[in-house]
Amino acid sequence: MGKVRSKNTKPELIARSLLQQLGYRFTVNGPKNKKLPGKPDIVLPRYRTVVFVHGCFWHRCRKCKRATTPKTNLDYWLPKFERNVQRDRQNAQDLERLGWQVITLWECQLENVDKTTSKIINLLPRKHSLRYPEAIEDAALVAETKSQYARQPLRRNNQE
């Protein structure tokens, strides 16, 4: 488990890229993120919204086949998964009590960028639409571009 990344995962990078294409500005791993309950993956301070990008295996997505349970060492895995789910639920409640909107994007949802784009557009305020009207009017076009990008391997800035 030491090789399991906790930040800058591929689903997180896809979510950030999508938000950026839609014209939203956000912080990642900044001081505000660490002070908020649950250390959200993405914080949109202007909209008082946080985004958690959950891996289906670790956070137990109910709609996905990736949320498998290992066949060995069940005494370890079952309580671990239950703690993860309870912690996620508690963090969301704490953030909502503080006045933050909580959006959860699942790893499996990010494979269908059209639906994810629609979800983001429907959940976030549209104050930015004057700056990027084409992103709101034609979400399918943005999602199509993103879908093509998602099929290609992600590259770091210094690699070509």
# chains A, B, ... in the order shown; residues from 1 in each chain; ligands from 1

call {"tool": "residues_around", "arguments": {"residues": "Val43 in chain A", "least_positions_apart": "4", "cutoff": "7 Å", "atoms": "only C-alpha atoms", "output": "MDAnalysis selection string"}}
result
chainID A and resid 26:28 33 49:51

call {"tool": "residues_around", "arguments": {"residues": "Leu98 in chain A", "least_positions_apart": "6", "cutoff": "10 Å", "atoms": "only C-alpha atoms", "output": "ChimeraX atom specification"}}
result
/A:36-37,48,92

call {"tool": "residues_around", "arguments": {"residues": "Gln93 in chain A", "least_positions_apart": "4", "cutoff": "12 Å", "atoms": "only C-alpha atoms", "output": "list in words"}}
result
Leu36, Pro37, Gly38, Gln86, Arg87, Asp88, Arg89, Arg97, Leu98, Gly99, Trp100, Gln101, Val102 and Ile103 of chain A

call {"tool": "write_last_selection", "arguments": {"atoms": "C-alpha atoms", "output": "mmCIF file, in the first residue's frame"}}
result
data_model
loop_
_atom_site.group_PDB
_atom_site.id
_atom_site.type_symbol
_atom_site.label_atom_id
_atom_site.label_comp_id
_atom_site.auth_asym_id
_atom_site.auth_seq_id
_atom_site.Cartn_x
_atom_site.Cartn_y
_atom_site.Cartn_z
ATOM 1 C CA LEU A 36 -11.041 22.130 5.943
ATOM 2 C CA PRO A 37 -12.443 18.826 7.233
ATOM 3 C CA GLY A 38 -11.313 15.897 5.110
ATOM 4 C CA GLN A 86 -17.886 6.790 7.730
ATOM 5 C CA ARG A 87 -15.063 9.341 7.589
ATOM 6 C CA ASP A 88 -16.192 10.523 4.134
ATOM 7 C CA ARG A 89 -19.766 10.923 5.360
ATOM 8 C CA ARG A 97 -22.392 22.727 8.414
ATOM 9 C CA LEU A 98 -19.602 25.218 7.703
ATOM 10 C CA GLY A 99 -21.492 26.425 4.620
ATOM 11 C CA TRP A 100 -19.524 24.597 1.914
ATOM 12 C CA GLN A 101 -21.081 22.749 -0.988
ATOM 13 C CA VAL A 102 -19.600 19.252 -1.337
ATOM 14 C CA ILE A 103 -19.214 17.574 -4.724
#

call {"tool": "closest_residue", "arguments": {"among": "A:Gly23, A:Glu111, A:Tyr47, A:Arg66", "to": "Leu123 in chain A", "atoms": "only C-alpha atoms"}}
result
A:Tyr47

call {"tool": "atom_distance", "arguments": {"atom1": "CA of Gly55 in chain A", "atom2": "CA of Trp106 in chain A"}}
result
6.1 Å
